[in-house]
file model_16.txt (compact mmCIF, C-alpha atoms and all ligand atoms)
# COMPACT_ATOMS: atom_id res chain seq x y z
CA MET A 1 32.54 -32.38 146.91
CA SER A 2 30.26 -29.67 148.28
CA GLU A 3 28.50 -27.33 145.84
CA PRO A 4 29.99 -23.83 145.49
CA GLN A 5 28.16 -21.35 147.71
CA ARG A 6 25.59 -19.22 145.86
CA ILE A 7 26.05 -15.57 146.68
CA PRO A 8 24.15 -12.61 145.26
CA ALA A 9 26.15 -10.61 142.69
CA ARG A 10 26.83 -7.14 144.06
CA ILE A 11 25.88 -4.09 142.02
CA ALA A 12 29.14 -2.14 141.68
CA SER A 13 27.33 1.15 140.96
CA ALA A 14 26.10 1.12 144.58
CA LYS A 15 29.36 2.80 145.52
CA THR A 16 28.61 5.77 143.24
CA MET A 17 25.07 5.92 144.55
CA LYS A 18 26.21 6.10 148.18
CA LYS A 19 28.47 9.01 147.28
CA ILE A 20 25.82 11.01 145.43
CA MET A 21 23.25 10.44 148.18
CA ALA A 22 25.80 11.63 150.76
CA ASP A 23 26.52 14.73 148.64
CA HIS A 24 22.78 15.37 148.37
CA PHE A 25 22.24 15.38 152.14
CA LEU A 26 25.43 17.34 152.89
CA GLY A 27 24.51 19.90 150.20
CA ILE A 28 21.08 20.51 151.71
CA ASP A 29 22.51 20.70 155.21
CA ALA A 30 24.97 23.36 154.03
CA ALA A 31 22.19 25.24 152.17
CA SER A 32 20.00 25.29 155.28
CA LYS A 33 22.81 27.13 157.12
CA ASP A 34 23.50 29.59 154.30
CA PRO A 35 21.31 32.74 154.48
CA SER A 36 21.63 33.25 150.71
CA LYS A 37 20.03 29.84 149.97
CA ARG A 38 16.44 28.61 150.25
CA VAL A 39 15.31 25.11 151.20
CA ALA A 40 11.95 23.60 150.20
CA TRP A 41 10.51 20.35 151.51
CA CYS A 42 8.66 18.43 148.83
CA THR A 43 6.57 15.27 148.78
CA SER A 44 8.10 12.39 146.83
CA VAL A 45 5.77 12.86 143.86
CA GLY A 46 5.40 16.59 144.38
CA PRO A 47 6.33 19.51 142.06
CA ALA A 48 10.11 19.20 142.47
CA GLU A 49 10.90 20.65 139.03
CA LEU A 50 9.04 23.88 139.78
CA LEU A 51 10.95 24.28 143.05
CA GLN A 52 14.22 23.77 141.20
CA GLY A 53 13.11 26.46 138.73
CA PHE A 54 13.12 28.88 141.68
CA GLY A 55 16.55 27.68 142.80
CA PHE A 56 15.34 25.95 145.97
CA GLU A 57 17.39 23.10 147.43
CA VAL A 58 14.80 20.32 147.62
CA TYR A 59 14.50 17.92 150.56
CA TYR A 60 12.17 14.90 150.63
CA PRO A 61 10.96 13.84 154.10
CA GLU A 62 9.50 10.55 152.81
CA ASN A 63 13.01 9.53 151.87
CA HIS A 64 14.15 10.44 155.39
CA ALA A 65 11.28 8.40 156.84
CA ALA A 66 12.22 5.42 154.66
CA ILE A 67 15.79 5.66 156.00
CA LEU A 68 14.33 5.56 159.51
CA GLY A 69 12.53 2.38 158.45
CA ALA A 70 15.49 0.78 156.69
CA THR A 71 17.75 1.43 159.69
CA ARG A 72 15.03 -0.12 161.92
CA LYS A 73 14.65 3.02 164.01
CA ALA A 74 11.10 3.90 162.94
CA THR A 75 9.30 1.58 165.37
CA GLU A 76 11.18 3.18 168.28
CA TYR A 77 10.04 6.73 167.42
CA ILE A 78 6.47 6.18 166.20
CA PRO A 79 5.02 6.15 169.75
CA TYR A 80 6.18 9.75 170.37
CA ALA A 81 4.01 10.98 167.49
CA ASN A 82 1.18 8.72 168.69
CA ALA A 83 1.37 10.40 172.11
CA ALA A 84 0.98 13.79 170.36
CA GLY A 85 -2.30 12.64 168.82
CA TYR A 86 -1.12 11.11 165.54
CA SER A 87 -2.74 7.68 165.52
CA PRO A 88 -0.78 4.42 165.15
CA ASP A 89 -3.17 3.70 162.25
CA ILE A 90 -2.04 6.60 160.06
CA CYS A 91 1.04 6.75 157.82
CA SER A 92 4.06 5.37 159.67
CA TYR A 93 6.35 7.56 157.56
CA LEU A 94 4.63 10.55 159.15
CA THR A 95 4.65 9.15 162.69
CA ALA A 96 8.24 7.86 162.50
CA ASP A 97 9.53 11.12 161.03
CA VAL A 98 7.67 13.44 163.41
CA GLY A 99 8.39 11.17 166.40
CA ALA A 100 12.12 11.11 165.60
CA TYR A 101 12.17 14.89 165.18
CA MET A 102 10.43 15.34 168.55
CA GLN A 103 13.20 13.29 170.13
CA GLY A 104 16.00 15.13 168.30
CA TYR A 105 16.98 12.05 166.30
CA THR A 106 17.92 11.67 162.65
CA PRO A 107 19.75 8.75 160.99
CA LEU A 108 21.62 11.44 158.99
CA THR A 109 23.83 12.00 162.05
CA ALA A 110 25.29 8.49 162.05
CA ALA A 111 25.45 8.36 158.24
CA TYR A 112 26.82 11.82 157.42
CA GLY A 113 27.45 13.69 160.66
CA ILE A 114 24.41 15.92 160.02
CA GLU A 115 22.89 17.19 163.24
CA SER A 116 19.29 17.69 162.17
CA VAL A 117 16.94 17.62 159.19
CA PRO A 118 17.16 20.93 157.25
CA LYS A 119 14.87 23.74 158.36
CA PRO A 120 12.67 24.61 155.38
CA ASP A 121 11.70 28.04 154.05
CA VAL A 122 8.57 26.45 152.59
CA LEU A 123 6.89 23.02 152.52
CA VAL A 124 5.15 21.95 149.32
CA TYR A 125 2.96 18.87 149.00
CA ASN A 126 0.75 17.20 146.45
CA THR A 127 -2.14 15.10 147.77
CA ASN A 128 -1.89 12.83 144.72
CA GLN A 129 -0.62 10.09 147.01
CA CYS A 130 -2.64 10.74 150.19
CA ARG A 131 -3.84 13.34 152.68
CA ASP A 132 -1.24 12.22 155.21
CA VAL A 133 1.48 14.25 153.49
CA GLN A 134 -0.58 17.41 154.00
CA ASP A 135 -1.00 16.76 157.73
CA TRP A 136 2.67 15.82 158.01
CA PHE A 137 3.83 19.08 156.38
CA MET A 138 1.32 21.12 158.40
CA TRP A 139 2.92 19.81 161.59
CA TYR A 140 6.33 21.09 160.56
CA GLY A 141 4.91 24.29 159.09
CA LYS A 142 3.34 25.11 162.45
CA HIS A 143 6.45 24.06 164.34
CA TRP A 144 8.72 26.37 162.33
CA ASN A 145 6.13 28.97 161.44
CA VAL A 146 6.88 28.68 157.72
CA PRO A 147 4.40 28.55 154.81
CA VAL A 148 2.87 25.27 153.68
CA LEU A 149 1.60 25.20 150.09
CA GLY A 150 -0.08 22.38 148.27
CA ILE A 151 -1.75 20.91 145.24
CA GLN A 152 -5.06 19.16 145.84
CA THR A 153 -5.43 16.29 143.43
CA HIS A 154 -8.37 14.25 142.20
CA ARG A 155 -8.25 10.62 143.35
CA ASN A 156 -9.58 7.34 142.00
CA ILE A 157 -9.36 8.63 138.42
CA GLY A 158 -10.37 6.41 135.51
CA GLU A 159 -9.66 8.30 132.31
CA VAL A 160 -7.51 11.40 132.83
CA THR A 161 -9.39 14.23 131.12
CA ARG A 162 -8.62 17.76 129.93
CA GLU A 163 -10.50 19.07 133.00
CA HIS A 164 -8.22 17.13 135.36
CA ILE A 165 -5.09 18.47 133.65
CA ASP A 166 -6.39 22.06 133.50
CA SER A 167 -7.29 21.96 137.17
CA ILE A 168 -3.88 20.64 138.28
CA SER A 169 -1.80 22.77 135.92
CA GLY A 170 -3.80 25.81 137.14
CA GLN A 171 -2.84 24.91 140.70
CA ILE A 172 0.83 24.54 139.73
CA ARG A 173 0.73 27.99 138.08
CA LYS A 174 -0.83 29.48 141.23
CA LEU A 175 1.84 27.72 143.28
CA ALA A 176 4.48 29.45 141.15
CA GLU A 177 2.95 32.83 142.05
CA ASP A 178 2.86 31.96 145.75
CA LEU A 179 6.46 30.74 145.74
CA GLU A 180 7.85 33.96 144.25
CA PRO A 181 7.93 36.04 147.49
CA ILE A 182 9.32 33.07 149.44
CA ALA A 183 12.08 32.47 146.91
CA GLY A 184 12.71 36.21 146.67
CA LYS A 185 12.84 35.96 142.89
CA LYS A 186 10.84 35.18 139.80
CA LEU A 187 10.59 31.71 138.34
CA ASP A 188 13.52 31.12 135.99
CA MET A 189 11.70 29.59 133.03
CA ASP A 190 14.93 28.31 131.46
CA GLN A 191 15.94 26.55 134.67
CA PHE A 192 12.40 25.20 135.09
CA ARG A 193 12.37 23.76 131.57
CA GLU A 194 15.85 22.31 132.11
CA SER A 195 14.72 20.60 135.34
CA VAL A 196 11.70 19.14 133.54
CA ARG A 197 13.96 17.95 130.72
CA LEU A 198 16.43 16.31 133.12
CA SER A 199 13.60 14.78 135.15
CA ARG A 200 12.19 13.27 131.98
CA LYS A 201 15.61 11.90 131.04
CA CYS A 202 16.06 10.47 134.55
CA SER A 203 12.62 8.81 134.27
CA GLU A 204 13.43 7.24 130.92
CA LEU A 205 16.67 5.81 132.24
CA TRP A 206 15.10 4.62 135.49
CA GLU A 207 12.39 2.87 133.48
CA LYS A 208 15.05 1.16 131.34
CA VAL A 209 16.87 0.07 134.51
CA LEU A 210 13.68 -1.49 135.87
CA ARG A 211 12.83 -3.01 132.47
CA THR A 212 16.05 -5.08 132.59
CA GLY A 213 14.10 -7.17 135.10
CA SER A 214 12.00 -8.53 132.22
CA HIS A 215 15.04 -10.46 131.03
CA VAL A 216 15.21 -14.14 132.06
CA PRO A 217 17.09 -14.49 134.35
CA SER A 218 16.65 -11.02 135.80
CA PRO A 219 19.83 -9.01 136.50
CA LEU A 220 18.19 -7.18 139.41
CA THR A 221 15.58 -7.69 142.12
CA PHE A 222 12.90 -5.47 143.62
CA PHE A 223 15.17 -5.19 146.68
CA ASP A 224 17.98 -3.78 144.51
CA GLY A 225 15.39 -1.40 143.07
CA GLN A 226 14.44 -0.19 146.56
CA ILE A 227 18.04 0.81 147.17
CA HIS A 228 18.84 2.22 143.74
CA MET A 229 15.65 4.28 143.42
CA GLY A 230 17.13 6.93 145.77
CA PRO A 231 18.43 9.27 143.04
CA ALA A 232 15.17 8.97 141.02
CA VAL A 233 13.30 10.25 144.08
CA VAL A 234 15.61 12.92 145.49
CA LEU A 235 17.77 13.96 142.52
CA ARG A 236 15.37 13.95 139.60
CA GLY A 237 15.66 17.18 137.66
CA THR A 238 19.45 17.10 137.99
CA ARG A 239 22.30 15.94 135.74
CA ILE A 240 23.62 13.83 138.67
CA ALA A 241 20.66 11.43 138.53
CA VAL A 242 20.90 11.14 134.74
CA ASP A 243 24.61 10.26 134.91
CA TYR A 244 23.96 7.76 137.67
CA TYR A 245 21.26 5.83 135.80
CA GLU A 246 23.38 5.77 132.65
CA GLN A 247 26.07 4.05 134.70
CA LEU A 248 23.66 1.63 136.43
CA LEU A 249 21.93 0.75 133.16
CA ALA A 250 25.28 -0.05 131.50
CA GLU A 251 26.18 -2.33 134.41
CA LEU A 252 22.87 -4.19 134.24
CA GLN A 253 23.13 -4.48 130.47
CA GLN A 254 26.56 -6.02 130.93
CA ARG A 255 25.07 -8.51 133.40
CA ILE A 256 22.50 -9.50 130.79
CA ASP A 257 25.19 -9.89 128.12
CA GLU A 258 27.26 -12.06 130.43
CA GLY A 259 24.29 -14.07 131.71
CA VAL A 260 24.69 -12.86 135.31
CA ALA A 261 21.51 -13.41 137.31
CA ALA A 262 20.55 -11.47 140.44
CA VAL A 263 19.32 -14.82 141.77
CA PRO A 264 21.48 -17.57 140.24
CA GLY A 265 19.33 -20.57 139.37
CA GLU A 266 16.22 -18.34 139.14
CA LYS A 267 13.19 -20.64 139.11
CA VAL A 268 10.29 -18.43 140.16
CA ARG A 269 9.56 -14.81 139.15
CA LEU A 270 7.32 -12.63 141.31
CA TYR A 271 5.70 -9.19 141.15
CA TRP A 272 5.55 -7.09 144.35
CA GLU A 273 2.46 -4.91 144.72
CA GLY A 274 2.38 -2.29 147.47
CA MET A 275 4.86 -0.62 149.79
CA PRO A 276 8.21 -2.16 150.74
CA VAL A 277 8.79 -3.39 154.30
CA TRP A 278 11.76 -1.08 154.80
CA GLY A 279 13.10 -2.75 157.94
CA LYS A 280 13.16 -6.16 156.26
CA ILE A 281 14.85 -5.53 152.90
CA ARG A 282 17.72 -7.81 153.76
CA ALA A 283 15.71 -10.60 155.41
CA LEU A 284 13.19 -10.76 152.56
CA SER A 285 15.82 -10.56 149.86
CA GLU A 286 17.74 -13.42 151.51
CA GLN A 287 14.64 -15.55 151.86
CA PHE A 288 13.67 -15.16 148.20
CA PHE A 289 17.28 -15.79 147.19
CA GLU A 290 17.32 -19.08 149.13
CA LEU A 291 14.08 -20.06 147.42
CA ASN A 292 15.60 -19.44 143.93
CA THR A 293 12.95 -16.76 143.54
CA CYS A 294 13.44 -13.34 142.02
CA VAL A 295 11.02 -10.50 142.69
CA VAL A 296 11.50 -9.02 139.22
CA ALA A 297 9.17 -6.01 139.24
CA SER A 298 7.00 -3.84 141.45
CA THR A 299 4.47 -1.07 141.25
CA TYR A 300 6.40 0.83 143.90
CA CYS A 301 9.71 1.28 142.05
CA ASN A 302 7.80 2.20 138.89
CA SER A 303 6.10 5.08 140.68
CA TRP A 304 9.01 7.39 139.79
CA ILE A 305 8.62 7.05 136.03
CA PHE A 306 7.27 10.34 134.68
CA ASN A 307 7.62 10.02 130.94
CA GLN A 308 4.87 12.56 130.33
CA LEU A 309 7.23 15.41 131.33
CA ASP A 310 7.89 17.77 128.43
CA PRO A 311 10.10 20.89 128.69
CA ASP A 312 8.03 22.61 125.97
CA GLU A 313 4.94 22.38 128.17
CA PRO A 314 6.32 22.33 131.69
CA PHE A 315 3.12 23.15 133.62
CA GLU A 316 0.75 20.93 131.64
CA SER A 317 3.16 18.03 131.39
CA MET A 318 3.86 18.14 135.14
CA ALA A 319 0.13 18.10 135.75
CA ARG A 320 -0.18 15.04 133.52
CA ALA A 321 2.86 13.22 135.00
CA TYR A 322 1.69 13.70 138.57
CA THR A 323 -1.94 12.82 137.83
CA GLU A 324 -1.53 9.76 135.63
CA LEU A 325 0.30 8.07 138.51
CA PHE A 326 -0.79 4.56 139.50
CA ILE A 327 -1.70 5.60 143.07
CA VAL A 328 -4.13 8.27 141.80
CA ARG A 329 -6.06 5.90 139.55
CA SER A 330 -9.20 3.78 139.79
CA ASP A 331 -9.08 0.01 140.37
CA PRO A 332 -9.82 -0.94 136.72
CA VAL A 333 -6.87 1.18 135.52
CA LYS A 334 -4.63 -0.30 138.22
CA GLU A 335 -5.70 -3.83 137.29
CA ASP A 336 -4.90 -3.28 133.60
CA TYR A 337 -1.49 -1.96 134.61
CA ILE A 338 -0.62 -4.90 136.88
CA ALA A 339 -1.87 -7.45 134.32
CA GLU A 340 0.35 -5.88 131.66
CA MET A 341 3.35 -5.81 133.98
CA CYS A 342 2.85 -9.48 134.87
CA GLU A 343 2.87 -10.37 131.19
CA ASP A 344 5.87 -8.16 130.28
CA PHE A 345 7.96 -9.47 133.17
CA LYS A 346 6.87 -13.13 132.72
CA VAL A 347 5.70 -13.34 136.30
CA ASP A 348 4.64 -16.59 138.02
CA GLY A 349 2.96 -15.01 141.05
CA VAL A 350 2.02 -11.72 142.68
CA VAL A 351 2.73 -10.75 146.30
CA TYR A 352 0.42 -8.07 147.72
CA HIS A 353 1.74 -6.24 150.75
CA ASP A 354 -1.14 -5.13 152.95
CA ALA A 355 0.60 -2.22 154.67
CA LYS A 356 -1.36 -1.51 157.81
CA THR A 357 -0.73 2.24 157.91
CA CYS A 358 -0.92 2.98 154.18
CA PRO A 359 -4.31 2.15 152.69
CA ASN A 360 -3.38 4.49 149.83
CA ASN A 361 -0.70 2.19 148.51
CA THR A 362 -2.39 -1.08 149.50
CA ASN A 363 -4.52 -2.67 146.82
CA ASN A 364 -5.67 -6.02 148.17
CA ARG A 365 -8.55 -4.87 150.36
CA TYR A 366 -11.34 -4.64 147.79
CA GLY A 367 -11.04 -7.89 145.82
CA MET A 368 -8.28 -6.88 143.38
CA PRO A 369 -6.07 -9.97 143.93
CA GLN A 370 -9.01 -12.30 143.31
CA ARG A 371 -10.16 -10.40 140.21
CA LEU A 372 -6.64 -10.35 138.77
CA THR A 373 -5.96 -14.01 139.48
CA GLU A 374 -9.21 -14.91 137.77
CA ARG A 375 -8.27 -12.77 134.78
CA THR A 376 -4.56 -13.66 134.41
CA LYS A 377 -4.55 -17.14 136.02
CA ILE A 378 -1.50 -15.93 137.98
CA PRO A 379 -1.72 -16.92 141.68
CA HIS A 380 -1.29 -14.37 144.44
CA LEU A 381 -0.27 -14.13 148.07
CA VAL A 382 -1.16 -11.42 150.58
CA ILE A 383 1.28 -10.66 153.38
CA ASN A 384 0.33 -8.42 156.28
CA GLY A 385 2.86 -5.90 157.41
CA ASP A 386 3.79 -2.26 157.20
CA LEU A 387 6.26 0.05 155.54
CA ASN A 388 7.83 1.28 158.78
CA ASP A 389 5.98 -0.02 161.83
CA LEU A 390 7.46 -3.45 162.43
CA ARG A 391 4.92 -4.10 165.19
CA CYS A 392 2.46 -4.76 162.34
CA TYR A 393 4.69 -7.34 160.69
CA SER A 394 4.88 -10.94 161.81
CA GLU A 395 8.14 -12.16 160.32
CA GLU A 396 7.49 -15.83 161.07
CA GLN A 397 4.06 -15.74 159.46
CA ALA A 398 5.32 -13.90 156.37
CA LYS A 399 8.23 -16.34 156.03
CA THR A 400 5.98 -19.39 156.24
CA ASN A 401 3.46 -17.95 153.79
CA ILE A 402 6.13 -16.98 151.27
CA GLU A 403 7.72 -20.42 151.50
CA ALA A 404 4.38 -22.16 150.95
CA PHE A 405 3.52 -19.83 148.06
CA VAL A 406 6.80 -20.48 146.25
CA GLU A 407 6.37 -24.22 146.83
CA GLN A 408 2.87 -24.03 145.32
CA LEU A 409 4.25 -22.17 142.28
CA THR A 410 7.13 -24.59 141.84
CA GLU A 411 4.83 -27.60 142.02
CA GLY A 412 2.28 -26.03 139.73
S1 LIG A 501 1.26 7.12 150.32
FE1 LIG A 501 1.22 5.91 152.18
S2 LIG A 501 3.35 5.75 152.85
FE2 LIG A 501 3.24 7.41 151.35
S3 LIG A 501 2.99 9.24 152.61
FE3 LIG A 501 0.93 8.54 152.02
S4 LIG A 501 0.20 7.21 153.68
FE4 LIG A 501 2.44 7.52 153.89
call {"tool": "encode", "arguments": {"input": "model_16.txt", "output": "structure tokens", "more": "lines below"}}
Ligand code: SF4
result
Amino acid sequence: MSEPQRIPARIASAKTMKKIMADHFLGIDAASKDPSKRVAWCTSVGPAELLQGFGFEVYYPENHAAILGATRKATEYIPYANAAGYSPDICSYLTADVGAYMQGYTPLTAAYGIESVPKPDVLVYNTNQCRDVQDWFMWYGKHWNVPVLGIQTHRNIGEVTREHIDSISGQIRKLAEDLEPIAGKKLDMDQFRESVRLSRKCSELWEKVLRTGSHVPSPLTFFDGQIHMGPAVVLRGTRIAVDYYEQLLAELQQRIDEGVAAVPGEKVRLYWEGMPVWGKIRALSEQFFELNTCVVASTYCNSWIFNQLDPDEPFESMARAYTELFIVRSDPVKEDYIAEMCEDFKVDGVVYHDAKTCPNNTNNRYGMPQRLTERTKIPHLVINGDLNDLRCYSEEQAKTNIEAFVEQLTEG
């Protein structure tokens, strides 16, 4: 008799998530056509709560760029931005997004019948992740002749000091002054505090969702996380995201209670360090599934945990939340973090994704994998690829290397 076919258990909450993401995009599209409403573009770890305090509808172009990647359209549009002087070596979120816009394309049309990305009244970035977001927003700011405002953040920070926090919270306060004439109203402190409170709640729940991965066997994979992180990125600061993660957490908790594994027969547990390969979520998830391997945790999905947020100190706590981020920190701090995650999630190996166009979120280039393997005795693998530009990703090579790595871990 043949063995029953192993199939991944579907996360039922995905249906709710699809609906709230659709509502999010349709809501912003409607707002961009309503003269009484204001739209702000914001970087994914930018000051969203402040913008909500002014009543802006907030749109996140990185999320749009990731959709271009996940629908495997990014590689087609990157060359148009390259031809306009934006190098193939810089952020492929930027080049895919700008290239698609130049060609009048958005995946929102096929998904939701939305003609174009929403025209902003203001674009607001934080360089905590990279300088690319600034250049990206400047392009659109010039194109539409709308203001571009930003927070310039310290990088490579070891200990976060009072000076760092004062400098960033000062910039957020100045940003609030500059946003007032664009919003046409004063900052609503009650709404601002409420957004910070809801963002904090969303973070706590999202962290609990991701923490279920520490259970053996894990009820979710990194690839599930990539899909279900949407509301934490684009709806933080709202009740909708809080309700969603309460629902998802309950479902994952039920899986744990019933012994349901994301990868039935889980034998190997991995940590993913670096950006996702958006165009290969399915292929990679299927390969790991076939290898009885669960990618149980990642730095990437954890990047939207902002437990420092405090409605009693909205400016200071935002400064802290958006400065204590992994991507802003020095290598020793990053190494402590990854070592702790590997222990908490009972990880057998670490996969580093060397994303060609994102040195900012690539951590294998200066000896970190070797130092961490020496320290934790946990083996590592580096795969070369990219977040969006599939020309930088050799699928065959990645497949072979992953297979050999898992075999090494299983034998060891
Ligand atoms: S962190 Fe990397 S992927 Fe994100 S916007 Fe910056 S360069 Fe692009």
call {"tool": "closest_atom_pairs", "arguments": {"input": "model_16.txt", "of": "chain A", "to": "ligand LIG 501 (chain A)", "cutoff": "9 Å", "atoms": "only C-alpha atoms and all ligand atoms", "output": "JSON lines"}}
result
{"residue": "A:Thr43", "atom": "CA", "partner": "A:LIG501", "partner_atom": "S3", "distance": 8.0}
{"residue": "A:Ser44", "atom": "CA", "partner": "A:LIG501", "partner_atom": "FE2", "distance": 8.3}
{"residue": "A:Glu62", "atom": "CA", "partner": "A:LIG501", "partner_atom": "S3", "distance": 6.6}
{"residue": "A:Ile90", "atom": "CA", "partner": "A:LIG501", "partner_atom": "S4", "distance": 6.8}
{"residue": "A:Cys91", "atom": "CA", "partner": "A:LIG501", "partner_atom": "FE4", "distance": 4.2}
{"residue": "A:Ser92", "atom": "CA", "partner": "A:LIG501", "partner_atom": "FE4", "distance": 6.4}
{"residue": "A:Tyr93", "atom": "CA", "partner": "A:LIG501", "partner_atom": "FE4", "distance": 5.4}
{"residue": "A:Leu94", "atom": "CA", "partner": "A:LIG501", "partner_atom": "FE4", "distance": 6.5}
{"residue": "A:Thr127", "atom": "CA", "partner": "A:LIG501", "partner_atom": "FE3", "distance": 8.4}
{"residue": "A:Asn128", "atom": "CA", "partner": "A:LIG501", "partner_atom": "S1", "distance": 8.6}
{"residue": "A:Gln129", "atom": "CA", "partner": "A:LIG501", "partner_atom": "S1", "distance": 4.8}
{"residue": "A:Cys130", "atom": "CA", "partner": "A:LIG501", "partner_atom": "FE3", "distance": 4.6}
{"residue": "A:Arg131", "atom": "CA", "partner": "A:LIG501", "partner_atom": "FE3", "distance": 6.8}
{"residue": "A:Asp132", "atom": "CA", "partner": "A:LIG501", "partner_atom": "FE3", "distance": 5.3}
{"residue": "A:Val133", "atom": "CA", "partner": "A:LIG501", "partner_atom": "S3", "distance": 5.3}
{"residue": "A:Trp136", "atom": "CA", "partner": "A:LIG501", "partner_atom": "S3", "distance": 8.5}
{"residue": "A:Met275", "atom": "CA", "partner": "A:LIG501", "partner_atom": "S2", "distance": 7.2}
{"residue": "A:Ile327", "atom": "CA", "partner": "A:LIG501", "partner_atom": "S1", "distance": 8.0}
{"residue": "A:Ala355", "atom": "CA", "partner": "A:LIG501", "partner_atom": "FE1", "distance": 8.5}
{"residue": "A:Thr357", "atom": "CA", "partner": "A:LIG501", "partner_atom": "S4", "distance": 6.6}
{"residue": "A:Cys358", "atom": "CA", "partner": "A:LIG501", "partner_atom": "FE1", "distance": 4.1}
{"residue": "A:Pro359", "atom": "CA", "partner": "A:LIG501", "partner_atom": "FE1", "distance": 6.7}
{"residue": "A:Asn360", "atom": "CA", "partner": "A:LIG501", "partner_atom": "S1", "distance": 5.4}
{"residue": "A:Asn361", "atom": "CA", "partner": "A:LIG501", "partner_atom": "FE1", "distance": 5.6}
{"residue": "A:Thr362", "atom": "CA", "partner": "A:LIG501", "partner_atom": "FE1", "distance": 8.3}
{"residue": "A:Leu387", "atom": "CA", "partner": "A:LIG501", "partner_atom": "S2", "distance": 6.9}
{"residue": "A:Asn388", "atom": "CA", "partner": "A:LIG501", "partner_atom": "S2", "distance": 8.7}
call {"tool": "residues_around", "arguments": {"input": "model_16.txt", "residues": "Glu258 in chain A", "least_positions_apart": "5", "cutoff": "12 Å", "atoms": "all atoms listed in the file", "output": "list in words"}}
result
Pro217, Ser218, Pro219, Glu251, Leu252 and Gln253 of chain A
call {"tool": "closest_residue", "arguments": {"input": "model_16.txt", "among": "A:Leu198, A:Leu381, A:Ala321, A:Leu372", "to": "Ser303 in chain A", "atoms": "only C-alpha atoms"}}
result
A:Ala321
call {"tool": "atom_distance", "arguments": {"input": "model_16.txt", "atom1": "CA of Glu194 in chain A", "atom2": "CA of Thr161 in chain A"}}
result
26.5 Å
call {"tool": "closest_residue", "arguments": {"input": "model_16.txt", "among": "A:Ile151, A:Thr410, A:Gly104, A:Gly55", "to": "Tyr77 in chain A", "atoms": "all atoms listed in the file"}}
result
A:Gly104
call {"tool": "atom_distance", "arguments": {"input": "model_16.txt", "atom1": "CA of Gln287 in chain A", "atom2": "CA of Met21 in chain A"}}
result
27.6 Å
call {"tool": "closest_atom_pairs", "arguments": {"input": "model_16.txt", "of": "range 126-241 of chain A", "to": "range 336-343 of chain A", "cutoff": "12 Å", "atoms": "all atoms listed in the file", "output": "tab-separated table"}}
result
residue	atom	partner	partner_atom	distance
A:Gly158	CA	A:Asp336	CA	11.3
A:Leu210	CA	A:Met341	CA	11.4
A:Arg211	CA	A:Met341	CA	10.0
A:Gly213	CA	A:Met341	CA	10.9
A:Ser214	CA	A:Met341	CA	9.2
call {"tool": "closest_residue", "arguments": {"input": "model_16.txt", "among": "A:Lys280, A:Arg320, A:Lys399, A:Lys267", "to": "Thr153 in chain A", "atoms": "all atoms listed in the file"}}
result
A:Arg320
call {"tool": "residues_near_point", "arguments": {"input": "model_16.txt", "point": "(0.1, -11.4, 151.4)", "cutoff": "8 Å", "atoms": "all atoms listed in the file", "output": "list in words"}}
result
Val351, Tyr352, His353, Asp354, His380, Leu381, Val382, Ile383, Asn384, Ala398 and Asn401 of chain A
call {"tool": "residues_near_point", "arguments": {"input": "model_16.txt", "point": "(10.0, -14.5, 134.5)", "cutoff": "8 Å", "atoms": "all atoms listed in the file", "output": "number ranges by chain"}}
result
A: 214-218, 268-270, 296, 345-348
call {"tool": "atom_distance", "arguments": {"input": "model_16.txt", "atom1": "CA of Pro79 in chain A", "atom2": "CA of Ile114 in chain A"}}
result
23.8 Å
call {"tool": "closest_residue", "arguments": {"input": "model_16.txt", "among": "A:Thr95, A:Ile78, A:Ile67, A:Pro311", "to": "Gln226 in chain A", "atoms": "all atoms listed in the file"}}
result
A:Ile67
call {"tool": "closest_residue", "arguments": {"input": "model_16.txt", "among": "A:Ala84, A:Ala176, A:Ala283, A:Leu235", "to": "Trp139 in chain A", "atoms": "only C-alpha atoms"}}
result
A:Ala84
call {"tool": "closest_residue", "arguments": {"input": "model_16.txt", "among": "A:Leu409, A:Leu325, A:Leu51, A:Ala241", "to": "Lys185 in chain A", "atoms": "all atoms listed in the file"}}
result
A:Leu51
call {"tool": "axis_aligned_box", "arguments": {"input": "model_16.txt", "around": "range 404-408 of chain A", "padding_each_side": "3 Å", "output": "AutoDock Vina command-line options"}}
result
--center_x 4.8 --center_y -22.0 --center_z 148.1 --size_x 9.9 --size_y 10.4 --size_z 11.6
call {"tool": "residues_around", "arguments": {"input": "model_16.txt", "residues": "Ala319 in chain A", "least_positions_apart": "6", "cutoff": "6 Å", "atoms": "only C-alpha atoms", "output": "list of chain:residue names"}}
result
A:Ile165, A:Ile168, A:Ser169
call {"tool": "residues_around", "arguments": {"input": "model_16.txt", "residues": "Tyr244 in chain A", "least_positions_apart": "3", "cutoff": "12 Å", "atoms": "only C-alpha atoms", "output": "VMD selection string"}}
result
chain A and resid 12 to 21 201 to 203 205 to 206 209 228 to 232 235 to 236 238 to 241 247 to 251
call {"tool": "residues_around", "arguments": {"input": "model_16.txt", "residues": "Ala40 in chain A", "least_positions_apart": "4", "cutoff": "10 Å", "atoms": "all atoms listed in the file", "output": "ChimeraX atom specification"}}
result
/A:28,32,48,51-52,55-60,118-124,148,182-183
